[in-house]
Amino acid sequence: MERDLPPLMEMMRRLIGAPSVSSVTPGFDQSNRAVIELLADWLDGMGFAVEVLPLSRQPGKANLIATLGQGAGGLVLAGHTDTVPYDEGRWRYDPFRLTEADNRLYGLGTCDMKAFFALAIEAARHCRADTLRAPLIILATADEESSMDGAKDLVVLGRPRARYALIGEPTGLRPVHMHKGIIMEAIHVYGRAGHSSNPRLGASALEGMHKVLGDLLAWRGELQAGYSDPRFAVPVPTLNPGYIRGGDNPNRICANCELHFDLRALPGMDLDVLRHRLDERLARLFAGSELRAERRSLIDGTPPLHTPADSAIVRAAERLTGHSAEAVAFCTEGPYLNALGMDSIILGPGDIAQAHQPDEYLALERIEPTVALLRDLIARFCVQPGA
């Protein structure tokens, strides 16, 4: 059935026109329900069994699981429905209006990554449940750009269940089977305020944070000496101090100072172990001191992704694209889908250089190859699995 299914460009236009920003800053954060409702309507009209699942911690947002066909195995075409915030006044085009110019489609979410849903639906437009020997599942998640709550809910639910998954994040149509994990941490140093004319009248949290920064950079060096993977463009784990704030006046000894940093871990590095080691270092650093340090996690963290190079989905993607599978530094929902028992790859038509940028765009030349690629993968894993 193709009941009321709009043409490809109309689907893209309506998806881009439905704002769905997610952000850790409440003033920017929005629901994704308008995007979910569009997808649910289109997929229901195509004969998919559609489920809209409100998030456990954010019921105003939702995931969508749409299934065509039955049985074991099958393929998930997955993506996130949210976007990052946009830089108001820095766009030449309306971020919420699909605009064609210079052989590109401009709009917030064209690259990363709402437009991928229109391409996936277009690839599945003529699929019928009675012709599939394994299910085709289209998965749309919430909050990938902020909390990852959508993907976490899926792991708790134990769904969807399939053998393979493709996430249409921007990779320039080059398959990715590995990426780094990430944690974001805050360290707060507590001291004691006092008059700056006499250091003995207080205990400087700023000077304590100087020690913390030095120890963090030393730890970074130790991690980079101990872990390396030449498959990554940056072959070592990275640690970036990105934010610091402390004190209130030059003539007062600083009583509080806070630092935020991220650490991007290679496959094989355990995020909880890294946090435990950090806590041990902080405890040693201020043992016997009047200063005190506390660590808190800014996000739960996303583990690294490593799908084996000999997986059938990796080999099929390499054959169809003509590119060997790669490793990247950015994070996706892939580890969560792998935790559900699927072999996942990252493969989409956008380019990471356009993601999170003013005038985000998708090149028109990527549209037909993406639809053809997805149709081939559907045939390989749903129509004739095992062929």
# chains A, B, ... in the order shown; residues from 1 in each chain; ligands from 1
>>> select_by_dssp(residues="stretch 74-237 of chain A", states="alpha helix (DSSP H)", output="JSON, numbers by chain")
{"A": [115, 116, 117, 118, 119, 120, 121, 122, 123, 149, 150, 151, 152, 153, 154, 155, 156, 157, 205, 206, 207, 208, 209, 210, 211, 212, 213, 214, 215, 216, 217, 218, 219, 220, 221, 222, 223, 224, 225, 226]}
>>> write_last_selection(atoms="N, CA and C atoms", output="compact mmCIF listing (two decimals), in the first residue's frame")
# COMPACT_ATOMS: atom_id res chain seq x y z
N ALA A 115 16.60 13.97 7.36
CA ALA A 115 16.36 13.65 5.95
C ALA A 115 16.57 12.17 5.66
N PHE A 116 17.39 11.50 6.47
CA PHE A 116 17.62 10.07 6.25
C PHE A 116 16.32 9.27 6.33
N PHE A 117 15.38 9.68 7.18
CA PHE A 117 14.13 8.93 7.29
C PHE A 117 13.36 8.97 5.97
N ALA A 118 13.36 10.11 5.30
CA ALA A 118 12.68 10.18 4.01
C ALA A 118 13.34 9.24 3.00
N LEU A 119 14.66 9.15 3.03
CA LEU A 119 15.37 8.27 2.10
C LEU A 119 15.09 6.80 2.44
N ALA A 120 15.03 6.47 3.73
CA ALA A 120 14.73 5.09 4.12
C ALA A 120 13.32 4.70 3.71
N ILE A 121 12.37 5.61 3.91
CA ILE A 121 10.98 5.33 3.52
C ILE A 121 10.87 5.20 2.00
N GLU A 122 11.59 6.05 1.29
CA GLU A 122 11.59 5.96 -0.18
C GLU A 122 12.14 4.61 -0.63
N ALA A 123 13.21 4.14 0.02
CA ALA A 123 13.79 2.85 -0.34
C ALA A 123 12.82 1.71 -0.07
N ASP A 149 18.59 9.34 25.94
CA ASP A 149 17.51 8.65 26.65
C ASP A 149 16.73 7.72 25.74
N GLY A 150 16.57 8.09 24.47
CA GLY A 150 15.83 7.22 23.56
C GLY A 150 16.51 5.88 23.38
N ALA A 151 17.80 5.89 23.12
CA ALA A 151 18.55 4.65 22.93
C ALA A 151 18.60 3.84 24.23
N LYS A 152 18.75 4.52 25.35
CA LYS A 152 18.79 3.81 26.63
C LYS A 152 17.47 3.09 26.92
N ASP A 153 16.36 3.74 26.59
CA ASP A 153 15.06 3.10 26.77
C ASP A 153 14.95 1.82 25.95
N LEU A 154 15.48 1.84 24.74
CA LEU A 154 15.42 0.66 23.88
C LEU A 154 16.15 -0.52 24.52
N VAL A 155 17.31 -0.24 25.11
CA VAL A 155 18.08 -1.31 25.76
C VAL A 155 17.28 -1.91 26.91
N VAL A 156 16.63 -1.05 27.71
CA VAL A 156 15.81 -1.54 28.82
C VAL A 156 14.65 -2.38 28.31
N LEU A 157 14.01 -1.94 27.22
CA LEU A 157 12.89 -2.68 26.64
C LEU A 157 13.34 -3.96 25.95
N ALA A 205 40.72 27.46 46.00
CA ALA A 205 40.22 26.41 45.11
C ALA A 205 40.81 26.56 43.71
N LEU A 206 41.14 27.80 43.32
CA LEU A 206 41.77 28.01 42.01
C LEU A 206 43.14 27.35 41.95
N GLU A 207 43.91 27.50 43.02
CA GLU A 207 45.22 26.86 43.04
C GLU A 207 45.06 25.33 43.10
N GLY A 208 44.03 24.88 43.79
CA GLY A 208 43.75 23.46 43.78
C GLY A 208 43.39 22.95 42.40
N MET A 209 42.61 23.76 41.65
CA MET A 209 42.25 23.35 40.28
C MET A 209 43.47 23.33 39.38
N HIS A 210 44.47 24.18 39.68
CA HIS A 210 45.72 24.13 38.92
C HIS A 210 46.35 22.74 39.07
N LYS A 211 46.30 22.20 40.27
CA LYS A 211 46.81 20.84 40.48
C LYS A 211 45.99 19.81 39.71
N VAL A 212 44.66 20.01 39.73
CA VAL A 212 43.79 19.07 39.02
C VAL A 212 44.10 19.08 37.53
N LEU A 213 44.23 20.26 36.96
CA LEU A 213 44.53 20.36 35.52
C LEU A 213 45.86 19.68 35.19
N GLY A 214 46.86 19.92 36.00
CA GLY A 214 48.15 19.28 35.76
C GLY A 214 48.05 17.77 35.83
N ASP A 215 47.27 17.27 36.80
CA ASP A 215 47.14 15.82 36.94
C ASP A 215 46.33 15.23 35.80
N LEU A 216 45.28 15.95 35.35
CA LEU A 216 44.49 15.47 34.22
C LEU A 216 45.34 15.35 32.97
N LEU A 217 46.17 16.35 32.71
CA LEU A 217 47.01 16.31 31.51
C LEU A 217 48.06 15.20 31.63
N ALA A 218 48.55 14.97 32.85
CA ALA A 218 49.48 13.86 33.04
C ALA A 218 48.77 12.53 32.79
N TRP A 219 47.54 12.41 33.28
CA TRP A 219 46.75 11.19 33.05
C TRP A 219 46.49 10.99 31.57
N ARG A 220 46.19 12.08 30.88
CA ARG A 220 45.99 11.98 29.43
C ARG A 220 47.23 11.39 28.76
N GLY A 221 48.39 11.86 29.16
CA GLY A 221 49.62 11.32 28.59
C GLY A 221 49.78 9.84 28.88
N GLU A 222 49.42 9.41 30.10
CA GLU A 222 49.51 7.99 30.44
C GLU A 222 48.54 7.15 29.61
N LEU A 223 47.32 7.65 29.44
CA LEU A 223 46.34 6.92 28.63
C LEU A 223 46.80 6.81 27.18
N GLN A 224 47.36 7.89 26.66
CA GLN A 224 47.80 7.87 25.26
C GLN A 224 49.03 7.00 25.07
N ALA A 225 49.82 6.84 26.11
CA ALA A 225 50.96 5.93 26.03
C ALA A 225 50.52 4.48 26.12
N GLY A 226 49.38 4.25 26.79
CA GLY A 226 48.94 2.88 27.02
C GLY A 226 47.93 2.35 26.03
>>> residues_around(residues="A:Ala124", least_positions_apart="4", cutoff="12 Å", atoms="only C-alpha atoms", output="ChimeraX atom specification")
/A:1-2,5,8,42-43,46-48,66-68,75-77,117-120,128-129,132,135-138,371-379,382-383
>>> select_by_dssp(residues="stretch 219-286 of chain A", states="strand (DSSP E or B)", output="PyMOL selection string")
chain A and resi 238-246+252+256-265
>>> write_last_selection(atoms="C-alpha atoms", output="mmCIF file, in the first residue's frame")
data_model
loop_
_atom_site.group_PDB
_atom_site.id
_atom_site.type_symbol
_atom_site.label_atom_id
_atom_site.label_comp_id
_atom_site.auth_asym_id
_atom_site.auth_seq_id
_atom_site.Cartn_x
_atom_site.Cartn_y
_atom_site.Cartn_z
ATOM 1 C CA THR A 238 41.725 12.321 23.879
ATOM 2 C CA LEU A 239 40.927 14.459 26.917
ATOM 3 C CA ASN A 240 39.793 18.051 26.425
ATOM 4 C CA PRO A 241 39.321 20.579 29.272
ATOM 5 C CA GLY A 242 36.493 22.635 27.821
ATOM 6 C CA TYR A 243 35.122 24.864 30.585
ATOM 7 C CA ILE A 244 36.352 26.405 33.830
ATOM 8 C CA ARG A 245 34.833 28.846 36.287
ATOM 9 C CA GLY A 246 35.864 29.966 39.734
ATOM 10 C CA ARG A 252 39.216 37.335 47.658
ATOM 11 C CA ASN A 256 34.980 27.304 44.604
ATOM 12 C CA CYS A 257 36.223 26.310 41.177
ATOM 13 C CA GLU A 258 34.662 23.968 38.610
ATOM 14 C CA LEU A 259 36.114 22.326 35.502
ATOM 15 C CA HIS A 260 34.301 20.402 32.753
ATOM 16 C CA PHE A 261 36.090 18.070 30.335
ATOM 17 C CA ASP A 262 35.400 15.241 27.947
ATOM 18 C CA LEU A 263 37.338 12.017 27.406
ATOM 19 C CA ARG A 264 36.971 10.020 24.179
ATOM 20 C CA ALA A 265 37.805 6.383 24.743
#
>>> residues_around(residues="A:Val24", least_positions_apart="6", cutoff="10 Å", atoms="only C-alpha atoms", output="PDB file with C-alpha atoms, in the first residue's frame")
ATOM      1  CA  ASP A 143      17.415  12.798  22.302  1.00  0.00           C
ATOM      2  CA  GLU A 145      22.044  14.877  20.584  1.00  0.00           C
ATOM      3  CA  SER A 146      21.720  15.323  24.339  1.00  0.00           C
ATOM      4  CA  SER A 147      20.803  12.608  26.842  1.00  0.00           C
ATOM      5  CA  LEU A 298      27.567  15.470  33.136  1.00  0.00           C
ATOM      6  CA  ILE A 299      26.192  12.662  30.939  1.00  0.00           C
TER       7      ILE A 299
END
>>> atom_distance(atom1="atom CA of A:Arg161", atom2="atom CA of A:Cys331")
21.8 Å
>>> closest_residue(among="A:Asp41, A:Ala353, A:Asp270, A:Ser324", to="A:Ile183", atoms="only C-alpha atoms")
A:Asp270
>>> atom_distance(atom1="atom CA of A:Arg231", atom2="atom CA of A:Glu326")
7.2 Å
>>> closest_residue(among="A:Leu278, A:Asp87, A:Val50, A:Ile65", to="A:Ala186", atoms="only C-alpha atoms")
A:Leu278
>>> atom_distance(atom1="atom CA of A:Ala316", atom2="atom CA of A:Asp44")
28.8 Å
>>> residues_around(residues="A:Tyr227", least_positions_apart="4", cutoff="8 Å", atoms="only C-alpha atoms", output="compact mmCIF listing (two decimals) with C-alpha atoms, in the first residue's frame")
# COMPACT_ATOMS: atom_id res chain seq x y z
CA LEU A 223 46.34 6.92 28.63
CA VAL A 236 44.83 7.67 20.88
CA PRO A 237 42.20 8.58 23.49
CA LEU A 266 38.95 3.75 22.27
>>> closest_residue(among="A:Val176, A:Met148, A:Ala72, A:Ala233", to="A:Pro385", atoms="only C-alpha atoms")
A:Ala72
>>> residues_around(residues="stretch 348-351 of chain A", least_positions_apart="3", cutoff="9 Å", atoms="only C-alpha atoms", output="list in words")
Thr110, Cys111, Asp112, Met113, Phe116, Leu166, Ile167, Gly168, Glu169, Pro170, Thr171, Gly172, Leu173, Arg174, Pro175, Gln354, Ala355, Tyr361, Leu362, Ala363, Arg366, Ile367, Pro369 and Thr370 of chain A
>>> write_last_selection(atoms="C-alpha atoms", output="compact mmCIF listing (two decimals), in the first residue's frame")
# COMPACT_ATOMS: atom_id res chain seq x y z
CA THR A 110 19.20 17.62 6.27
CA CYS A 111 22.61 16.17 7.08
CA ASP A 112 22.23 15.19 10.74
CA MET A 113 19.89 13.48 10.22
CA PHE A 116 17.62 10.07 6.25
CA LEU A 166 22.27 0.60 9.78
CA ILE A 167 22.29 4.06 11.36
CA GLY A 168 22.13 6.82 8.77
CA GLU A 169 24.43 9.32 10.49
CA PRO A 170 26.58 11.50 8.20
CA THR A 171 29.53 9.44 6.90
CA GLY A 172 29.71 10.57 3.27
CA LEU A 173 28.35 7.15 2.21
CA ARG A 174 31.42 5.42 3.64
CA PRO A 175 30.70 2.59 6.08
CA GLN A 354 28.28 19.90 7.60
CA ALA A 355 26.78 18.60 10.84
CA TYR A 361 23.05 20.83 3.90
CA LEU A 362 22.77 17.53 2.04
CA ALA A 363 24.24 17.30 -1.46
CA ARG A 366 23.87 11.75 -2.59
CA ILE A 367 20.12 11.12 -2.74
CA PRO A 369 22.91 6.51 -4.42
CA THR A 370 21.58 6.38 -0.86
